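Written out below as structure tokens is the structure these notes cover.
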Amino acid sequence: MTLKSLASEVAEDHVHLFVSFPPRLSISEVVGKMKAISAKVISEEFPEAKREMYGGRAQGRTDTLLEQSGTR
């Protein structure tokens with residue numbers, strides 16, 4: 001995936017990004033990839049944040065679907 005950061009602004013509790021990406025990609029694909037990358041970086045740099053947010057394990061779509069279905 002080729003993204004080009006055109007501008008960014010960081011606030012206390014959120015970030016604004018202006019990016020360019022190929023038209024073959026959907027916005028949801030780009031946002032999903034950016035969220036995955038940022039979560040990985042945060043968990044590597046701040047392992048205590050991962051433990052605090054997820055009880056020591058990553059929680060993703062599969063976990064949420066299992067919880068909703070009562071399988072878990």
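To be explicit about the labels: the chains of the structure tokens are called A, B, and onward in the order shown, and within each one the residues are counted from 1, while ligands get numbers from 1 in the order they are shown.
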
**Report entry** Contacts of His16 of chain A within 12 Å, only C-alpha atoms, excl. fewer than 5 positions in-chain, as a PyMOL selection string
**Finding:** chain A and resi 5-11

Deliver the residues from the most recent selection as a file, using N, CA and C atoms, as an mmCIF file, in the first residue's frame.
```
data_model
loop_
_atom_site.group_PDB
_atom_site.id
_atom_site.type_symbol
_atom_site.label_atom_id
_atom_site.label_comp_id
_atom_site.auth_asym_id
_atom_site.auth_seq_id
_atom_site.Cartn_x
_atom_site.Cartn_y
_atom_site.Cartn_z
ATOM 1 N N SER A 5 1.811 11.035 2.885
ATOM 2 C CA SER A 5 1.324 11.995 3.871
ATOM 3 C C SER A 5 1.513 13.405 3.314
ATOM 4 N N LEU A 6 0.409 14.123 3.191
ATOM 5 C CA LEU A 6 0.464 15.477 2.650
ATOM 6 C C LEU A 6 0.478 16.527 3.750
ATOM 7 N N ALA A 7 -0.174 16.226 4.855
ATOM 8 C CA ALA A 7 -0.208 17.153 5.994
ATOM 9 C C ALA A 7 -0.694 16.395 7.223
ATOM 10 N N SER A 8 -0.310 16.892 8.393
ATOM 11 C CA SER A 8 -0.789 16.287 9.637
ATOM 12 C C SER A 8 -0.818 17.337 10.738
ATOM 13 N N GLU A 9 -1.696 17.093 11.689
ATOM 14 C CA GLU A 9 -1.797 17.959 12.855
ATOM 15 C C GLU A 9 -2.150 17.083 14.050
ATOM 16 N N VAL A 10 -1.384 17.226 15.109
ATOM 17 C CA VAL A 10 -1.583 16.402 16.299
ATOM 18 C C VAL A 10 -2.202 17.253 17.395
ATOM 19 N N ALA A 11 -3.326 16.785 17.923
ATOM 20 C CA ALA A 11 -3.982 17.440 19.051
ATOM 21 C C ALA A 11 -3.775 16.561 20.282
#
```

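Excluding segment 25-30 of chain A itself and any same-chain residue fewer than 6 positions from it, the protein and nucleic acid residues within 12 Å of it, counting only C-alpha atoms, are Met1, Thr2, Leu3, Lys4, Leu17, Phe18, Val19, Ala36 and Ile37 of chain A.
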
Requested in this report: Using DSSP on the backbone coordinates, identify the residues of segment 13-45 of chain A assigned to helix (DSSP H, G or I); present them as a PyMOL selection string.
Outcome: chain A and resi 27-45

Requested in this report: Grab the atom CA of Ser20 of chain A to atom CA of Lys33 of chain A distance for me, in Å with one decimal place.
Outcome: 13.9 Å

Query raised in the report: Expressed in Å to a single decimal, how great is the separation between atom CA of His14 of chain A and atom CA of Val41 of chain A?
Result: 16.0 Å

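Interatomic distance, atom CA of Met53 of chain A to atom CA of Val15 of chain A: 19.4 Å.
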